[in-house]
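Trainee: Have a look at the structure that comes next, please.
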Amino acid sequence: MSEARRVSLNSQGELAQGEVQKTDIVLYTSGTPNGQKVSMVLEALGLKYETKHIDISKNTQKEEWYLKINPNGRIPAIIDRTETADGKSHEKRVFEGMAIMLYLCQKYDREYVISYAFDSDKYWEVVEWMTWMQSGIGPMQGQANHFFRYAPEKIEYAINRYQTE
C-alpha cells in the first residue's frame, strides 16, 4: 500500500479531510485511448497505483476472473483498497472510464486540483464534456478503428461514416 495525499476514510467508510490514508489502487487497462484516460487522472492526482495490462487482442477482458471485476468485459476498471485511520480496510470496484474518473476526483481531489465542486457551473461543464467523450466520440472512434484496421473486408461507407463523424 502507498500513502495517498489529502484524505482518508472514517470508520463508516466516508472521507475525512486532512488525514493520510493508505491506498492500493489497481488499474486494469490497455493501451487504448479509453484505457489511458484513467491513468492520466491517477497521475494528475499524484496517486500511486499498479497497472495490470489487459490484452484485448486475446479477449482477456472476457475471461471469468476479469468479469468479476467488470461484468461488461471491457477496460478500464479499478479496484481501490483503502485503509482507514483506525485500521479497517475497504475495497471498491469501479468500471467504465467516466465512472472511474468521477470516482477518483470525488474521493481524492478534495482540493480541486483537476476537478470542481459538485455544485459549481464548471463541474457540470466538465460532466457535459465527459459524457460527450464517453457516449459520443469514444464509440465513434472505436467503430472507426474497427472498420479501418480490423474488419475482414474494407467497407468504404463505414470507414468514411465513422472517420468523418
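Each chain in the C-alpha cells gets a letter, A, B and so on, in the order shown; residues start at 1 in every chain, and ligands are counted from 1 in the order they appear.
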Produce a table with one row for each residue of range 9-83 of chain A that has an atom at most 10 Å from any atom of range 96-110 of chain A, each row naming the nearest atom pair and its distance in Å at one decimal; use only C-alpha atoms; arrange rows by chain and rising residue number; format as JSON lines.

Mentor:
{"residue": "A:Leu9", "atom": "CA", "partner": "A:Lys107", "partner_atom": "CA", "distance": 9.4}
{"residue": "A:Glu14", "atom": "CA", "partner": "A:Lys107", "partner_atom": "CA", "distance": 9.3}
{"residue": "A:Leu15", "atom": "CA", "partner": "A:Lys107", "partner_atom": "CA", "distance": 7.2}
{"residue": "A:Ala16", "atom": "CA", "partner": "A:Lys107", "partner_atom": "CA", "distance": 10.0}
{"residue": "A:Gln17", "atom": "CA", "partner": "A:Arg110", "partner_atom": "CA", "distance": 7.7}
{"residue": "A:Gly18", "atom": "CA", "partner": "A:Arg110", "partner_atom": "CA", "distance": 9.5}
{"residue": "A:Leu27", "atom": "CA", "partner": "A:Ile100", "partner_atom": "CA", "distance": 9.9}
{"residue": "A:Thr29", "atom": "CA", "partner": "A:Gly97", "partner_atom": "CA", "distance": 10.0}
{"residue": "A:Asn34", "atom": "CA", "partner": "A:Gly97", "partner_atom": "CA", "distance": 6.6}
{"residue": "A:Gly35", "atom": "CA", "partner": "A:Gly97", "partner_atom": "CA", "distance": 7.5}
{"residue": "A:Gln36", "atom": "CA", "partner": "A:Gly97", "partner_atom": "CA", "distance": 9.1}
{"residue": "A:Lys37", "atom": "CA", "partner": "A:Gly97", "partner_atom": "CA", "distance": 7.2}
{"residue": "A:Val38", "atom": "CA", "partner": "A:Met101", "partner_atom": "CA", "distance": 6.1}
{"residue": "A:Ser39", "atom": "CA", "partner": "A:Met101", "partner_atom": "CA", "distance": 9.3}
{"residue": "A:Met40", "atom": "CA", "partner": "A:Met101", "partner_atom": "CA", "distance": 9.4}
{"residue": "A:Val41", "atom": "CA", "partner": "A:Met101", "partner_atom": "CA", "distance": 6.6}
{"residue": "A:Leu42", "atom": "CA", "partner": "A:Leu104", "partner_atom": "CA", "distance": 7.6}
{"residue": "A:Ala44", "atom": "CA", "partner": "A:Asp109", "partner_atom": "CA", "distance": 9.8}
{"residue": "A:Leu45", "atom": "CA", "partner": "A:Asp109", "partner_atom": "CA", "distance": 6.8}
{"residue": "A:Gly46", "atom": "CA", "partner": "A:Tyr108", "partner_atom": "CA", "distance": 9.6}
{"residue": "A:Leu47", "atom": "CA", "partner": "A:Tyr108", "partner_atom": "CA", "distance": 8.5}
{"residue": "A:Asn70", "atom": "CA", "partner": "A:Glu96", "partner_atom": "CA", "distance": 8.4}
{"residue": "A:Asn72", "atom": "CA", "partner": "A:Glu96", "partner_atom": "CA", "distance": 9.0}
{"residue": "A:Arg74", "atom": "CA", "partner": "A:Glu96", "partner_atom": "CA", "distance": 7.7}
{"residue": "A:Ile75", "atom": "CA", "partner": "A:Glu96", "partner_atom": "CA", "distance": 6.9}
{"residue": "A:Pro76", "atom": "CA", "partner": "A:Glu96", "partner_atom": "CA", "distance": 5.9}
{"residue": "A:Ala77", "atom": "CA", "partner": "A:Glu96", "partner_atom": "CA", "distance": 6.2}
{"residue": "A:Ile78", "atom": "CA", "partner": "A:Ile100", "partner_atom": "CA", "distance": 7.3}
{"residue": "A:Ile79", "atom": "CA", "partner": "A:Ile100", "partner_atom": "CA", "distance": 9.9}
{"residue": "A:Asp80", "atom": "CA", "partner": "A:Leu104", "partner_atom": "CA", "distance": 9.5}

Trainee: Of the candidates A:Ile159, A:Ser115, A:Val26, A:Lys92, which one gets nearest to Met130 in chain A if we count only C-alpha atoms?

Mentor: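 When distances to Met130 in chain A are compared using only C-alpha atoms, the smallest one comes from A:Ser115.
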
Trainee: For CA of Tyr28 in chain A and CA of Thr51 in chain A, determine how far apart the two atoms are, in Å to one decimal place.

Mentor: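 According to the coordinates, CA of Tyr28 in chain A and CA of Thr51 in chain A are separated by 6.1 Å.
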
Trainee: Residues of chain A in strand (DSSP E or B) according to DSSP, as a VMD selection string?

Mentor: chain A and resid 2 to 4 7 to 9 15 to 17 21 to 29 49 to 53 77 to 83 89 to 95

Trainee: Create the file for the chosen residues now, containing C-alpha atoms and written as an mmCIF file, in the first residue's frame.

Mentor:
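Wrote it out as part28.cif, contents follow:
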data_model
loop_
_atom_site.group_PDB
_atom_site.id
_atom_site.type_symbol
_atom_site.label_atom_id
_atom_site.label_comp_id
_atom_site.auth_asym_id
_atom_site.auth_seq_id
_atom_site.Cartn_x
_atom_site.Cartn_y
_atom_site.Cartn_z
ATOM 1 C CA SER A 2 1.141 3.536 -0.674
ATOM 2 C CA GLU A 3 0.247 6.779 1.007
ATOM 3 C CA ALA A 4 -2.258 8.900 -0.873
ATOM 4 C CA VAL A 7 -7.811 12.367 2.513
ATOM 5 C CA SER A 8 -8.804 9.195 4.329
ATOM 6 C CA LEU A 9 -11.897 7.236 5.232
ATOM 7 C CA LEU A 15 -13.996 10.544 3.574
ATOM 8 C CA ALA A 16 -12.369 12.548 6.324
ATOM 9 C CA GLN A 17 -10.289 15.518 5.217
ATOM 10 C CA GLN A 21 -4.894 7.192 4.138
ATOM 11 C CA LYS A 22 -3.313 4.058 2.851
ATOM 12 C CA THR A 23 -4.433 3.226 -0.637
ATOM 13 C CA ASP A 24 -3.775 0.380 -3.004
ATOM 14 C CA ILE A 25 -5.237 1.099 -6.436
ATOM 15 C CA VAL A 26 -5.022 -1.484 -9.197
ATOM 16 C CA LEU A 27 -5.832 -0.252 -12.700
ATOM 17 C CA TYR A 28 -6.868 -2.866 -15.270
ATOM 18 C CA THR A 29 -6.293 -1.319 -18.667
ATOM 19 C CA TYR A 49 -1.204 2.674 -8.458
ATOM 20 C CA GLU A 50 -0.389 -0.643 -10.040
ATOM 21 C CA THR A 51 -1.221 -1.286 -13.685
ATOM 22 C CA LYS A 52 -2.428 -4.685 -14.864
ATOM 23 C CA HIS A 53 -2.284 -4.898 -18.653
ATOM 24 C CA ALA A 77 -11.573 -0.915 -14.343
ATOM 25 C CA ILE A 78 -10.040 -0.285 -10.949
ATOM 26 C CA ILE A 79 -10.013 -1.855 -7.538
ATOM 27 C CA ASP A 80 -9.349 0.696 -4.803
ATOM 28 C CA ARG A 81 -8.356 -0.820 -1.478
ATOM 29 C CA THR A 82 -8.133 1.740 1.294
ATOM 30 C CA GLU A 83 -7.294 1.560 4.939
ATOM 31 C CA SER A 89 -9.984 -1.922 5.182
ATOM 32 C CA HIS A 90 -12.419 -1.083 2.413
ATOM 33 C CA GLU A 91 -12.409 -2.329 -1.198
ATOM 34 C CA LYS A 92 -14.221 -0.567 -4.026
ATOM 35 C CA ARG A 93 -14.503 -1.832 -7.593
ATOM 36 C CA VAL A 94 -15.291 0.741 -10.290
ATOM 37 C CA PHE A 95 -15.539 0.169 -14.040
#

Trainee: Go ahead and compute the interatomic distance for CA of Glu63 in chain A and CA of Asn145 in chain A, in Å to one decimal.

Mentor: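 CA of Asn145 in chain A lies at a distance of 23.2 Å from CA of Glu63 in chain A.
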
Trainee: Have a look at CA of Gly138 in chain A and CA of Arg161 in chain A and let me know their distance in Å, one decimal.

Mentor: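 CA of Arg161 in chain A lies at a distance of 14.3 Å from CA of Gly138 in chain A.
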
Trainee: Determine the nearest neighbour of Ile137 in chain A from the options A:Tyr157, A:Tyr150, A:Tyr162, A:Trp124, counting only C-alpha atoms.

Mentor: A:Tyr162

Trainee: Determine which residues of range 49-113 of chain A DSSP labels as helix (DSSP H, G or I) from the backbone of this structure, then write them out as a ChimeraX atom specification.

Mentor: /A:56-58,60-62,64-67,97-108

Trainee: Which residue out of A:Gly142, A:Gly136, A:Val113, A:Asp119 has the minimum interatomic distance to Thr32 in chain A when only C-alpha atoms are used?

Mentor: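 Of the candidates, the smallest distance to Thr32 in chain A is held by A:Gly142.
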
Trainee: With a distance cut-off of 10 Å and only C-alpha atoms, select the neighbouring residues of Thr164 in chain A, excluding the residue or stretch itself and same-chain residues fewer than 6 positions from it, and output the selection as a list in words.

Mentor: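 The residues that qualify are Met140, Gln141 and Ala144 of chain A.
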
Trainee: Take the selection from the previous step and output its residues with C-alpha atoms, as a CSV table (one decimal), in the first residue's frame.

Mentor:
chain,number,residue,atom,x,y,z
A,140,MET,CA,-17.4,6.7,-33.0
A,141,GLN,CA,-13.6,6.3,-32.7
A,144,ALA,CA,-13.7,3.9,-37.0

Trainee: Which of these residues is nearest to Lys58 in chain A, using only C-alpha atoms: A:Ser30, A:Asp121, A:Glu111, A:Trp129?

Mentor: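 Result for the nearest residue to Lys58 in chain A: A:Ser30.
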